[in-house]
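Participant: The file below is upload.txt, compact mmCIF, C-alpha atoms and all ligand atoms:
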```txt
# COMPACT_ATOMS: atom_id res chain seq x y z
CA MET A 14 13.10 29.03 -23.17
CA GLY A 15 12.08 30.66 -19.92
CA ARG A 16 12.84 32.30 -16.60
CA VAL A 17 11.92 30.34 -13.48
CA LEU A 18 11.63 31.54 -9.90
CA VAL A 19 11.61 28.92 -7.14
CA ILE A 20 10.27 29.99 -3.74
CA GLY A 21 11.45 28.03 -0.68
CA ALA A 22 14.90 26.61 0.05
CA GLY A 23 14.23 23.34 1.88
CA GLY A 24 14.83 19.71 0.87
CA VAL A 25 12.39 19.71 -2.06
CA SER A 26 13.73 22.99 -3.42
CA THR A 27 17.32 21.69 -3.19
CA VAL A 28 16.44 18.82 -5.54
CA ALA A 29 14.16 20.83 -7.85
CA VAL A 30 16.72 23.62 -8.39
CA LYS A 31 19.47 21.06 -9.09
CA LYS A 32 17.28 19.32 -11.63
CA ILE A 33 16.25 22.64 -13.17
CA ALA A 34 19.93 23.49 -13.62
CA MET A 35 20.43 20.09 -15.27
CA ASN A 36 17.80 21.14 -17.84
CA ALA A 37 19.34 24.52 -18.55
CA ASP A 38 18.38 24.35 -22.24
CA VAL A 39 14.77 24.89 -21.11
CA PHE A 40 15.30 27.02 -18.01
CA THR A 41 17.40 29.92 -19.26
CA ASP A 42 17.43 31.97 -16.02
CA ILE A 43 17.00 30.59 -12.53
CA MET A 44 16.35 32.30 -9.22
CA VAL A 45 15.72 30.75 -5.79
CA ALA A 46 14.16 33.01 -3.15
CA SER A 47 13.14 32.20 0.39
CA ARG A 48 12.78 33.53 3.93
CA THR A 49 16.41 32.72 4.77
CA LYS A 50 18.70 33.87 1.95
CA SER A 51 21.72 31.89 3.21
CA LYS A 52 19.83 28.66 2.45
CA CYS A 53 19.22 29.88 -1.14
CA ASP A 54 22.92 30.76 -1.44
CA LYS A 55 23.88 27.25 -0.32
CA ILE A 56 21.68 25.70 -3.02
CA ALA A 57 23.09 28.10 -5.64
CA ASP A 58 26.72 27.47 -4.56
CA ASP A 59 26.35 23.73 -5.14
CA ILE A 60 25.36 24.28 -8.78
CA LYS A 61 28.34 24.67 -11.07
CA ASN A 62 27.01 24.46 -14.64
CA VAL A 63 24.82 27.60 -14.58
CA LYS A 64 24.48 30.70 -12.42
CA VAL A 65 21.56 30.62 -10.00
CA GLN A 66 20.43 33.98 -8.59
CA THR A 67 19.17 34.22 -5.01
CA ALA A 68 16.97 36.59 -3.03
CA GLN A 69 15.27 37.01 0.33
CA VAL A 70 11.46 37.12 0.33
CA ASP A 71 8.62 36.73 2.80
CA ALA A 72 6.13 34.67 0.80
CA ASP A 73 3.28 35.64 3.14
CA ASN A 74 3.66 39.21 1.90
CA VAL A 75 2.05 39.79 -1.52
CA ASP A 76 3.67 43.21 -2.05
CA GLU A 77 7.16 41.80 -1.39
CA LEU A 78 6.50 38.98 -3.82
CA VAL A 79 5.24 41.33 -6.54
CA ALA A 80 8.33 43.53 -6.10
CA LEU A 81 10.54 40.45 -6.50
CA PHE A 82 8.59 39.34 -9.62
CA ASN A 83 9.01 42.84 -11.09
CA ALA A 84 12.74 42.65 -10.51
CA PHE A 85 13.31 39.11 -11.87
CA LYS A 86 10.46 38.91 -14.46
CA PRO A 87 9.78 35.17 -14.21
CA ASP A 88 7.72 33.17 -16.74
CA LEU A 89 6.86 30.64 -14.03
CA VAL A 90 6.87 30.69 -10.22
CA ILE A 91 7.39 27.32 -8.51
CA ASN A 92 6.12 27.36 -4.95
CA LEU A 93 8.23 25.01 -2.81
CA ALA A 94 7.66 26.91 0.43
CA LEU A 95 4.89 25.67 2.70
CA PRO A 96 1.18 25.11 1.94
CA TYR A 97 0.35 28.18 4.08
CA GLN A 98 1.88 30.40 1.37
CA ASP A 99 -0.10 28.98 -1.60
CA LEU A 100 -2.73 31.72 -1.69
CA SER A 101 -0.43 34.69 -1.13
CA ILE A 102 1.86 33.42 -3.92
CA MET A 103 -1.13 32.84 -6.24
CA ASP A 104 -2.37 36.39 -5.44
CA ALA A 105 1.06 37.79 -6.29
CA CYS A 106 1.16 35.76 -9.54
CA LEU A 107 -2.16 37.30 -10.57
CA ALA A 108 -1.08 40.81 -9.56
CA TYR A 109 2.13 40.60 -11.61
CA GLY A 110 0.90 38.27 -14.37
CA VAL A 111 2.92 35.04 -14.12
CA SER A 112 2.01 31.34 -14.12
CA TYR A 113 2.23 29.16 -11.00
CA LEU A 114 3.09 25.58 -9.93
CA ASP A 115 3.07 23.94 -6.48
CA THR A 116 3.34 20.54 -4.77
CA ALA A 117 0.88 20.78 -1.88
CA ASN A 118 -2.59 22.28 -1.51
CA TYR A 119 -3.39 25.27 0.64
CA GLU A 120 -3.82 24.75 4.34
CA PRO A 121 -4.83 27.44 6.84
CA LEU A 122 -2.24 27.89 9.58
CA ASP A 123 -4.78 27.50 12.39
CA GLU A 124 -6.54 24.38 11.08
CA ALA A 125 -5.05 21.12 9.72
CA LYS A 126 -7.47 20.90 6.81
CA TYR A 127 -6.60 20.02 3.22
CA GLU A 128 -9.02 21.11 0.55
CA TYR A 129 -8.61 22.27 -3.01
CA SER A 130 -11.62 24.60 -2.71
CA TRP A 131 -9.49 27.63 -1.84
CA GLN A 132 -7.21 27.20 -4.85
CA TRP A 133 -9.91 26.02 -7.27
CA ALA A 134 -11.67 29.31 -6.48
CA TYR A 135 -8.85 31.06 -8.45
CA LYS A 136 -9.77 29.24 -11.69
CA ASP A 137 -11.68 32.10 -13.35
CA ARG A 138 -9.07 34.69 -12.42
CA PHE A 139 -6.19 32.64 -13.85
CA GLU A 140 -8.23 31.85 -16.95
CA LYS A 141 -9.13 35.50 -17.57
CA ALA A 142 -5.51 36.53 -17.06
CA GLY A 143 -4.35 33.86 -19.55
CA LEU A 144 -2.19 32.27 -16.83
CA THR A 145 -1.67 28.60 -15.94
CA ALA A 146 -1.69 27.25 -12.39
CA ILE A 147 -0.56 23.63 -11.98
CA LEU A 148 -1.52 22.24 -8.57
CA GLY A 149 0.04 19.35 -6.67
CA CYS A 150 3.00 18.52 -8.92
CA GLY A 151 5.18 16.48 -6.53
CA PHE A 152 4.95 12.69 -6.19
CA ASP A 153 1.82 12.32 -4.10
CA PRO A 154 0.04 14.48 -5.07
CA GLY A 155 1.62 14.69 -8.49
CA VAL A 156 2.98 11.53 -10.09
CA THR A 157 0.11 9.52 -8.55
CA GLY A 158 -2.35 11.73 -10.49
CA VAL A 159 -0.30 11.36 -13.68
CA TYR A 160 -0.20 7.56 -13.18
CA THR A 161 -3.99 7.52 -12.83
CA ALA A 162 -4.47 9.65 -15.94
CA TYR A 163 -2.06 7.39 -17.85
CA ALA A 164 -3.97 4.28 -16.70
CA ALA A 165 -7.27 5.87 -17.79
CA LYS A 166 -5.83 6.88 -21.16
CA HIS A 167 -4.09 3.63 -22.08
CA HIS A 168 -5.36 0.70 -20.04
CA PHE A 169 -8.93 1.21 -18.80
CA ASP A 170 -12.34 2.11 -20.17
CA GLU A 171 -13.45 2.65 -16.58
CA ILE A 172 -11.34 3.03 -13.43
CA GLN A 173 -13.42 1.75 -10.51
CA TYR A 174 -11.09 1.13 -7.57
CA LEU A 175 -7.99 3.21 -6.88
CA ASP A 176 -5.55 2.58 -4.05
CA ILE A 177 -2.50 4.82 -3.81
CA VAL A 178 0.25 3.07 -1.86
CA ASP A 179 3.20 4.97 -0.41
CA CYS A 180 5.97 2.97 1.23
CA ASN A 181 9.16 4.36 2.71
CA ALA A 182 11.37 1.38 3.52
CA GLY A 183 14.34 3.59 4.21
CA ASP A 184 16.38 4.00 7.40
CA HIS A 185 17.89 7.41 8.25
CA HIS A 186 19.42 6.06 11.48
CA LYS A 187 17.78 8.75 13.66
CA ALA A 188 15.45 7.91 16.56
CA PHE A 189 12.76 10.15 15.08
CA ALA A 190 12.73 12.40 12.02
CA THR A 191 10.20 13.32 9.35
CA ASN A 192 11.02 13.13 5.65
CA PHE A 193 9.61 16.50 4.77
CA ASN A 194 8.67 19.59 6.76
CA PRO A 195 7.90 18.17 10.25
CA GLU A 196 5.07 20.59 10.95
CA ILE A 197 3.21 19.76 7.71
CA ASN A 198 4.00 16.05 8.08
CA ILE A 199 2.76 15.69 11.66
CA ARG A 200 -0.39 17.74 10.95
CA GLU A 201 -1.15 15.43 8.02
CA ILE A 202 -0.63 12.14 9.83
CA THR A 203 -2.44 12.96 13.06
CA GLN A 204 -5.67 14.07 11.37
CA ARG A 205 -8.65 11.72 10.96
CA GLY A 206 -8.49 9.22 8.12
CA LYS A 207 -10.87 9.57 5.19
CA TYR A 208 -11.60 7.67 1.98
CA PHE A 209 -14.12 7.83 -0.84
CA GLU A 210 -16.68 5.08 -1.41
CA ASP A 211 -19.90 5.00 -3.44
CA GLY A 212 -20.09 8.75 -3.81
CA GLN A 213 -19.43 9.50 -0.15
CA TRP A 214 -16.48 10.36 2.07
CA LYS A 215 -16.06 7.98 5.01
CA ASP A 216 -14.16 8.91 8.18
CA THR A 217 -11.86 6.71 10.26
CA ASP A 218 -9.99 7.32 13.51
CA PRO A 219 -6.38 8.40 12.81
CA LEU A 220 -4.28 5.44 11.56
CA SER A 221 -6.91 2.96 12.87
CA VAL A 222 -7.22 0.97 9.60
CA HIS A 223 -4.09 -0.87 8.55
CA LYS A 224 -2.85 -4.03 6.87
CA PRO A 225 0.40 -5.46 5.52
CA LEU A 226 0.95 -4.82 1.81
CA ASN A 227 3.77 -6.20 -0.34
CA TYR A 228 5.94 -3.65 -2.10
CA PRO A 229 8.17 -4.55 -5.07
CA ASN A 230 11.79 -5.27 -4.08
CA ILE A 231 10.88 -4.51 -0.44
CA GLY A 232 8.36 -7.08 0.79
CA PRO A 233 5.52 -6.72 3.29
CA LYS A 234 5.11 -3.46 5.23
CA GLU A 235 2.28 -2.44 7.54
CA SER A 236 0.31 0.19 5.61
CA TYR A 237 -2.09 2.69 7.20
CA LEU A 238 -5.15 4.22 5.61
CA MET A 239 -5.07 8.01 5.77
CA TYR A 240 -6.49 10.96 3.90
CA HIS A 241 -4.38 12.48 1.17
CA GLU A 242 -5.22 15.50 -0.93
CA GLU A 243 -5.12 13.92 -4.41
CA LEU A 244 -8.13 11.77 -3.48
CA GLU A 245 -10.27 14.92 -3.73
CA SER A 246 -9.24 15.87 -7.27
CA LEU A 247 -8.97 12.31 -8.63
CA THR A 248 -12.49 11.32 -7.56
CA LYS A 249 -13.77 14.53 -9.19
CA ASN A 250 -11.78 14.14 -12.41
CA PHE A 251 -12.45 10.40 -12.78
CA PRO A 252 -16.14 10.11 -11.83
CA THR A 253 -16.27 6.34 -12.55
CA ILE A 254 -14.22 5.74 -9.39
CA LYS A 255 -16.30 3.82 -6.85
CA ARG A 256 -13.66 3.73 -4.14
CA ALA A 257 -10.43 5.66 -3.65
CA ARG A 258 -8.06 5.21 -0.74
CA PHE A 259 -4.53 6.18 0.27
CA TRP A 260 -2.13 4.00 2.28
CA MET A 261 1.21 4.91 3.82
CA THR A 262 3.72 2.75 5.69
CA PHE A 263 5.00 3.66 9.16
CA GLY A 264 7.42 1.83 11.44
CA GLN A 265 6.54 1.07 15.07
CA GLU A 266 9.28 3.41 16.36
CA TYR A 267 7.86 6.29 14.36
CA LEU A 268 4.32 5.64 15.60
CA THR A 269 5.47 5.40 19.23
CA HIS A 270 7.29 8.74 18.99
CA LEU A 271 4.26 10.28 17.32
CA ARG A 272 1.96 9.06 20.10
CA VAL A 273 4.24 10.53 22.78
CA ILE A 274 4.53 13.83 20.88
CA GLN A 275 0.74 14.05 20.76
CA ASN A 276 0.21 12.93 24.35
CA ILE A 277 2.54 15.59 25.75
CA GLY A 278 0.96 18.33 23.66
CA MET A 279 3.89 18.96 21.32
CA ALA A 280 1.71 18.39 18.21
CA ARG A 281 -0.57 21.31 19.16
CA ILE A 282 -1.01 23.92 16.43
CA ASP A 283 -2.54 26.61 18.65
CA PRO A 284 -0.28 29.24 20.28
CA ILE A 285 0.61 28.89 23.96
CA LEU A 286 2.26 31.42 26.25
CA TYR A 287 5.86 30.54 27.15
CA ASN A 288 7.98 32.97 29.21
CA GLY A 289 5.66 35.79 28.20
CA GLN A 290 5.98 34.94 24.51
CA GLU A 291 3.51 33.15 22.24
CA ILE A 292 4.87 29.98 20.66
CA VAL A 293 3.17 27.19 18.69
CA PRO A 294 4.33 23.82 20.14
CA ILE A 295 4.58 22.04 16.76
CA GLN A 296 6.69 24.91 15.37
CA PHE A 297 8.99 24.69 18.37
CA LEU A 298 9.22 20.92 17.86
CA LYS A 299 10.24 21.48 14.21
CA ALA A 300 13.13 23.63 15.43
CA VAL A 301 14.62 20.76 17.50
CA LEU A 302 13.95 17.85 15.10
CA PRO A 303 16.46 16.84 12.40
CA ASN A 304 16.17 18.90 9.23
CA PRO A 305 14.62 16.60 6.56
CA GLY A 306 16.93 18.10 3.95
CA ASP A 307 19.97 16.88 5.93
CA LEU A 308 18.92 13.24 6.34
CA GLY A 309 20.43 12.06 3.07
CA GLU A 310 23.97 11.18 4.06
CA ASN A 311 23.23 8.02 6.05
CA TYR A 312 19.88 7.16 4.51
CA THR A 313 19.69 3.57 3.25
CA GLY A 314 16.81 1.69 1.61
CA GLU A 315 14.22 2.92 -0.84
CA THR A 316 10.75 4.35 -1.31
CA SER A 317 8.06 2.66 -3.39
CA ILE A 318 5.03 4.70 -4.39
CA GLY A 319 2.38 3.66 -6.85
CA CYS A 320 -1.25 3.24 -7.87
CA ARG A 321 -3.10 -0.05 -7.64
CA ILE A 322 -6.10 0.13 -9.92
CA ARG A 323 -9.04 -2.19 -10.70
CA GLY A 324 -11.58 -1.48 -13.41
CA LEU A 325 -12.99 -2.45 -16.79
CA LYS A 326 -11.36 -2.85 -20.20
CA ASP A 327 -13.47 -4.17 -23.09
CA GLY A 328 -16.11 -5.32 -20.61
CA LYS A 329 -13.61 -7.41 -18.59
CA GLU A 330 -12.27 -6.64 -15.10
CA ILE A 331 -8.51 -6.03 -15.06
CA THR A 332 -5.97 -4.94 -12.46
CA TYR A 333 -2.97 -2.67 -12.94
CA TYR A 334 -0.13 -1.58 -10.66
CA VAL A 335 2.18 1.25 -11.72
CA TYR A 336 4.98 2.33 -9.38
CA ASN A 337 8.42 3.81 -8.89
CA ASN A 338 11.09 2.68 -6.44
CA CYS A 339 13.61 5.35 -5.46
CA SER A 340 16.85 4.69 -3.59
CA HIS A 341 17.64 7.24 -0.87
CA HIS A 342 21.37 6.75 -1.39
CA ALA A 343 21.20 7.22 -5.16
CA ALA A 344 19.11 10.38 -4.62
CA TYR A 345 21.73 11.64 -2.17
CA LEU A 346 24.64 10.94 -4.51
CA GLU A 347 22.92 12.86 -7.31
CA THR A 348 21.47 15.82 -5.41
CA GLY A 349 22.66 15.76 -1.79
CA ALA A 350 19.09 15.15 -0.58
CA GLN A 351 17.15 12.02 0.46
CA GLY A 352 14.56 10.11 -1.56
CA VAL A 353 11.43 11.90 -0.34
CA SER A 354 12.82 15.32 -1.31
CA TYR A 355 13.96 13.74 -4.59
CA THR A 356 10.62 12.14 -5.47
CA THR A 357 8.94 15.53 -4.90
CA GLY A 358 11.51 17.87 -6.47
CA VAL A 359 11.97 15.93 -9.72
CA PRO A 360 8.25 15.96 -10.69
CA ALA A 361 8.05 19.68 -9.81
CA MET A 362 10.86 20.30 -12.30
CA ILE A 363 9.16 18.09 -14.91
CA GLY A 364 5.84 19.97 -14.61
CA ALA A 365 7.75 23.25 -14.94
CA LYS A 366 9.65 21.94 -17.97
CA LEU A 367 6.44 20.90 -19.72
CA PHE A 368 4.99 24.33 -18.96
CA MET A 369 8.05 26.07 -20.41
CA LYS A 370 7.74 23.95 -23.55
CA SER A 371 4.04 24.95 -23.79
CA ILE A 372 3.00 21.28 -23.48
CA TRP A 373 1.35 21.71 -20.07
CA LYS A 374 0.07 25.22 -20.58
CA LYS A 375 -3.58 26.27 -20.54
CA PRO A 376 -5.21 29.22 -18.81
CA GLY A 377 -6.92 28.26 -15.56
CA VAL A 378 -6.19 26.27 -12.39
CA TRP A 379 -5.55 22.57 -12.96
CA ASN A 380 -4.61 19.42 -11.13
CA VAL A 381 -1.91 17.39 -12.86
CA GLU A 382 -4.28 14.63 -14.03
CA GLU A 383 -6.05 17.19 -16.23
CA PHE A 384 -3.02 17.41 -18.55
CA ASP A 385 -1.75 14.83 -21.07
CA PRO A 386 0.15 12.26 -18.96
CA ASP A 387 2.33 10.87 -21.80
CA PRO A 388 5.05 13.55 -21.98
CA PHE A 389 5.29 13.57 -18.18
CA MET A 390 5.66 9.76 -18.04
CA LYS A 391 8.43 9.98 -20.65
CA GLU A 392 10.27 12.61 -18.60
CA LEU A 393 9.95 10.52 -15.42
CA ASN A 394 11.95 7.77 -17.11
CA GLU A 395 14.59 10.24 -18.28
CA GLN A 396 14.91 12.39 -15.13
CA GLY A 397 15.55 9.72 -12.50
CA LEU A 398 12.13 8.34 -11.54
CA PRO A 399 11.56 5.35 -13.86
CA TRP A 400 8.23 3.56 -13.51
CA HIS A 401 7.16 -0.05 -13.85
CA GLU A 402 3.85 -1.68 -14.70
CA LEU A 403 2.30 -4.94 -13.51
CA PHE A 404 -0.87 -6.28 -15.15
CA ASN A 405 -3.52 -8.53 -13.67
CA VAL A 406 -1.68 -9.14 -10.41
CA ASP A 407 -3.25 -9.56 -6.97
CA LEU A 408 -3.59 -5.97 -5.71
CA GLU A 409 -4.12 -7.20 -2.10
CA LEU A 410 -6.80 -4.51 -1.72
P1 LIG B 1 11.13 22.61 4.18
O1 LIG B 1 10.55 22.98 5.48
O2 LIG B 1 12.42 21.86 4.13
O3 LIG B 1 11.29 23.91 3.26
C1 LIG B 1 10.33 24.92 3.20
C2 LIG B 1 11.02 26.17 2.76
O4 LIG B 1 10.04 27.23 2.67
C3 LIG B 1 12.08 26.66 3.76
O5 LIG B 1 13.23 27.06 3.05
C4 LIG B 1 11.40 27.84 4.43
O6 LIG B 1 12.26 28.86 4.86
C5 LIG B 1 10.56 28.38 3.31
N1 LIG B 1 9.48 29.20 3.83
C6 LIG B 1 8.59 28.91 4.80
N2 LIG B 1 7.80 29.96 5.04
C7 LIG B 1 8.20 30.94 4.21
C8 LIG B 1 7.78 32.28 3.99
N3 LIG B 1 6.76 32.82 4.66
N4 LIG B 1 8.42 32.99 3.05
C9 LIG B 1 9.46 32.48 2.35
N5 LIG B 1 9.89 31.23 2.52
C10 LIG B 1 9.28 30.47 3.43
O7 LIG B 1 10.00 21.78 3.39
P2 LIG B 1 10.18 20.67 2.25
O8 LIG B 1 11.21 21.13 1.28
O9 LIG B 1 10.29 19.36 2.89
O10 LIG B 1 8.73 20.77 1.55
C11 LIG B 1 8.40 21.83 0.67
C12 LIG B 1 6.97 21.65 0.17
O11 LIG B 1 6.83 20.42 -0.52
C13 LIG B 1 5.93 21.64 1.31
O12 LIG B 1 4.81 22.40 0.89
C14 LIG B 1 5.53 20.19 1.39
O13 LIG B 1 4.21 20.03 1.86
C15 LIG B 1 5.64 19.77 -0.06
N6 LIG B 1 5.80 18.31 -0.25
C16 LIG B 1 5.06 17.71 -1.23
C17 LIG B 1 5.18 16.35 -1.45
C18 LIG B 1 4.48 15.71 -2.59
O14 LIG B 1 4.79 14.55 -2.93
N7 LIG B 1 3.54 16.35 -3.26
C19 LIG B 1 6.05 15.50 -0.61
C20 LIG B 1 6.87 16.25 0.32
C21 LIG B 1 6.70 17.61 0.51
P3 LIG B 1 13.24 28.67 6.14
O15 LIG B 1 14.37 27.92 5.56
O16 LIG B 1 13.61 30.05 6.55
O17 LIG B 1 12.48 27.91 7.16
```
Could you write out this structure as structure tokens?
Ligand code: NDP
Facilitator:
Amino acid sequence: MGRVLVIGAGGVSTVAVKKIAMNADVFTDIMVASRTKSKCDKIADDIKNVKVQTAQVDADNVDELVALFNAFKPDLVINLALPYQDLSIMDACLAYGVSYLDTANYEPLDEAKYEYSWQWAYKDRFEKAGLTAILGCGFDPGVTGVYTAYAAKHHFDEIQYLDIVDCNAGDHHKAFATNFNPEINIREITQRGKYFEDGQWKDTDPLSVHKPLNYPNIGPKESYLMYHEELESLTKNFPTIKRARFWMTFGQEYLTHLRVIQNIGMARIDPILYNGQEIVPIQFLKAVLPNPGDLGENYTGETSIGCRIRGLKDGKEITYYVYNNCSHHAAYLETGAQGVSYTTGVPAMIGAKLFMKSIWKKPGVWNVEEFDPDPFMKELNEQGLPWHELFNVDLEL
């Protein structure tokens, strides 16, 4: 049905391209392009059922991207590079005339700041060009937005309280490693916390608010309030929400390493001079940390991510908890990557599949919760991320 070009060749791309190849009736031609071509070749070599083309591209360079689009003629570009490249890839999509999907919102390189404003500003241009841009189509953001839209469509007249809970109860047996790009991950976690309440954003010191929450099949885990980008779009798209928060679990070892990394200046994102050469400490750190895409082999345990929602149905207050648990080992056996890459790459493929089938296709720039959640929820069950619902349980929040 369509030609897909995936940009980026990290952990998330590894899973997404594998899953795309497993849906070859929809994705007729596949290309993966990234800064380092050998990583694209490795992904392509592991896929036996269809041929995957590869190419080298600098996704910061709009002209290079447009030349690549002219050569491959994609119907959809999936951006699985880094958030820094979102705008250059969107510019190239407009210049060539192709639709766009990503899993993380734009972030300027010199400031750890997540905001949809930069990408929402492309809405008119995509609309006029008749092109679709689907933003934030991983797990969180991504599935969490679809869960919320599904809850609003089927279970609530009014969603009032939304808590997104993200638990990783896995063990990769390394002293310290991040589950996705270390630079993006550390920038996200060390920024100030923020949540939405009564029409206002409220700030907290980084990771200063925390409490134990019980996760299905896992048990209690200390969960930390932090800002996450889907809070911005969900509070806008569901204006009945009175409070929206995001919680993520961290182990003590991880937090201790993070504190040391910050205290010794290795989390800095500004360039410093080293031996006459400018380097950015956090980029140097990334180069010596384990590659998140390679953590899968010894990864045990599972992730559990979901939405805990309180609101009104037929005038009565109800609670609802929808979640997925994903085993790192099962993800590894299927795709060679760990659960966090898996839970991001599978939804990216599903969004792309629904676009190719013209189900999630409308000119403009959209967050996932602005599309019909039902076909996406069906695909989640079929593509390896089954979900479960609990009604009128204690949400603990
Ligand atoms: P990786 O660091 O493993 O992979 C990123 C890839 O992008 C690498 O192959 C890298 O190339 C490539 N890349 C970086 N810069 C450029 C450039 N200028 N031109 C071309 N290619 C480039 O990251 P992950 O796979 O872990 O994450 C991918 C994306 O998914 C990130 O944006 C991340 O924020 C997002 N994500 C979203 C989640 C969600 O639930 N929504 C959860 C987890 C991640 P090279 O190999 O040469 O370094």
Participant: Check which residues of chain A sit at most 6 Å from ligand LIG 1 (chain B) using only C-alpha atoms and all ligand atoms, and return one row each with the closest pair of atoms and their distance in Å to one decimal, ordered by chain and rising number, as JSON lines.
Facilitator:
```
{"residue": "A:Gly21", "atom": "CA", "partner": "B:LIG1", "partner_atom": "O4", "distance": 3.7}
{"residue": "A:Ala22", "atom": "CA", "partner": "B:LIG1", "partner_atom": "O5", "distance": 3.5}
{"residue": "A:Gly23", "atom": "CA", "partner": "B:LIG1", "partner_atom": "O2", "distance": 3.2}
{"residue": "A:Gly24", "atom": "CA", "partner": "B:LIG1", "partner_atom": "O8", "distance": 3.9}
{"residue": "A:Val25", "atom": "CA", "partner": "B:LIG1", "partner_atom": "O8", "distance": 3.8}
{"residue": "A:Ser26", "atom": "CA", "partner": "B:LIG1", "partner_atom": "O8", "distance": 5.6}
{"residue": "A:Ser47", "atom": "CA", "partner": "B:LIG1", "partner_atom": "N5", "distance": 4.0}
{"residue": "A:Arg48", "atom": "CA", "partner": "B:LIG1", "partner_atom": "C9", "distance": 3.8}
{"residue": "A:Thr49", "atom": "CA", "partner": "B:LIG1", "partner_atom": "O16", "distance": 4.3}
{"residue": "A:Val70", "atom": "CA", "partner": "B:LIG1", "partner_atom": "C9", "distance": 5.4}
{"residue": "A:Asp71", "atom": "CA", "partner": "B:LIG1", "partner_atom": "N4", "distance": 3.8}
{"residue": "A:Ala72", "atom": "CA", "partner": "B:LIG1", "partner_atom": "N4", "distance": 3.6}
{"residue": "A:Asp73", "atom": "CA", "partner": "B:LIG1", "partner_atom": "N3", "distance": 4.7}
{"residue": "A:Leu93", "atom": "CA", "partner": "B:LIG1", "partner_atom": "C12", "distance": 4.7}
{"residue": "A:Ala94", "atom": "CA", "partner": "B:LIG1", "partner_atom": "O4", "distance": 3.3}
{"residue": "A:Leu95", "atom": "CA", "partner": "B:LIG1", "partner_atom": "O12", "distance": 3.7}
{"residue": "A:Pro96", "atom": "CA", "partner": "B:LIG1", "partner_atom": "O12", "distance": 4.7}
{"residue": "A:Thr116", "atom": "CA", "partner": "B:LIG1", "partner_atom": "N7", "distance": 4.5}
{"residue": "A:Ala117", "atom": "CA", "partner": "B:LIG1", "partner_atom": "O13", "distance": 5.1}
{"residue": "A:Gly149", "atom": "CA", "partner": "B:LIG1", "partner_atom": "N7", "distance": 5.7}
{"residue": "A:Gly151", "atom": "CA", "partner": "B:LIG1", "partner_atom": "N7", "distance": 3.7}
{"residue": "A:Phe152", "atom": "CA", "partner": "B:LIG1", "partner_atom": "O14", "distance": 3.8}
{"residue": "A:Asp153", "atom": "CA", "partner": "B:LIG1", "partner_atom": "O14", "distance": 3.9}
{"residue": "A:Pro154", "atom": "CA", "partner": "B:LIG1", "partner_atom": "N7", "distance": 4.4}
{"residue": "A:Gly155", "atom": "CA", "partner": "B:LIG1", "partner_atom": "N7", "distance": 5.8}
{"residue": "A:Phe193", "atom": "CA", "partner": "B:LIG1", "partner_atom": "O9", "distance": 3.5}
{"residue": "A:Asn194", "atom": "CA", "partner": "B:LIG1", "partner_atom": "O1", "distance": 4.1}
{"residue": "A:Ile197", "atom": "CA", "partner": "B:LIG1", "partner_atom": "O13", "distance": 5.9}
{"residue": "A:Gly306", "atom": "CA", "partner": "B:LIG1", "partner_atom": "O2", "distance": 5.9}
{"residue": "A:Thr357", "atom": "CA", "partner": "B:LIG1", "partner_atom": "O14", "distance": 4.7}
```
Participant: Which one is closest to Gly377 (chain A): A:Val353, A:Met239, A:Ala146, A:Met261? Count only C-alpha atoms.
Facilitator: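 Ranked by minimum distance to Gly377 (chain A), first place goes to A:Ala146.
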Participant: Counting only C-alpha atoms, which of A:Ile331, A:Val381, A:Met103, A:Ile43 gets nearest to Asp170 (chain A)?
Facilitator: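 Of the candidates, the smallest distance to Asp170 (chain A) is held by A:Ile331.
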Participant: Could you tell me which of A:Val17, A:Lys32, A:Ile199, A:Glu330 comes closest to Ala46 (chain A) if we count all atoms listed in the file?
Facilitator: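 Answer, going by the shortest atom-to-atom distance: A:Val17.
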Participant: Might you pull out every residue within 7 Å of region 156-160 of chain A, with all atoms listed in the file counted and same-chain residues fewer than 5 positions away left off, and present them as a list in words?
Facilitator: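 The filter keeps Gly151, Leu247, Gly319, Cys320, Val335, Pro360, Val381, Glu382 and Pro386 of chain A.
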Participant: Name the closest residue to Cys53 (chain A) among the candidates A:Phe85, A:Leu18, A:Leu325, A:Lys391; distances are taken between atoms, counting all atoms listed in the file.
Facilitator: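 So, comparing all the options, the nearest one is A:Leu18.
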Participant: Using all atoms listed in the file for the distances, tell me which of A:Gln275, A:Gln351, A:Thr41, A:Asn230 is nearest to Pro305 (chain A).
Facilitator: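 Of all the options, A:Gln351 lies closest to Pro305 (chain A).
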Participant: Tell me which protein, DNA and RNA residues are within 7 Å of region 172-187 of chain A, counting all atoms listed in the file, leaving out same-chain ones fewer than 2 positions away, and put them as an MDAnalysis selection string.
Facilitator: chainID A and resid 165 169:170 189:190 253:262 308 311:325
Participant: Quick one: everything within 9 Å of Gly110 (chain A), counting all atoms listed in the file, minus sequence neighbours fewer than 5 positions away in the same chain. Send it as a VMD selection string.
Facilitator: chain A and resid 88 105 142 to 144
Participant: Which residues are near region 373-376 of chain A? Cut-off 12 Å, only C-alpha atoms, ignore same chain within fewer than 4 positions. Put them as an MDAnalysis selection string.
Facilitator: chainID A and resid 88:89 107 110:114 135:148 150 363:369 380:389
Participant: Please determine, counting all atoms listed in the file, which residue among A:Gly206, A:Pro233, A:Pro284, A:Pro195 has the shortest atom-to-atom distance to Val301 (chain A).
Facilitator: A:Pro195
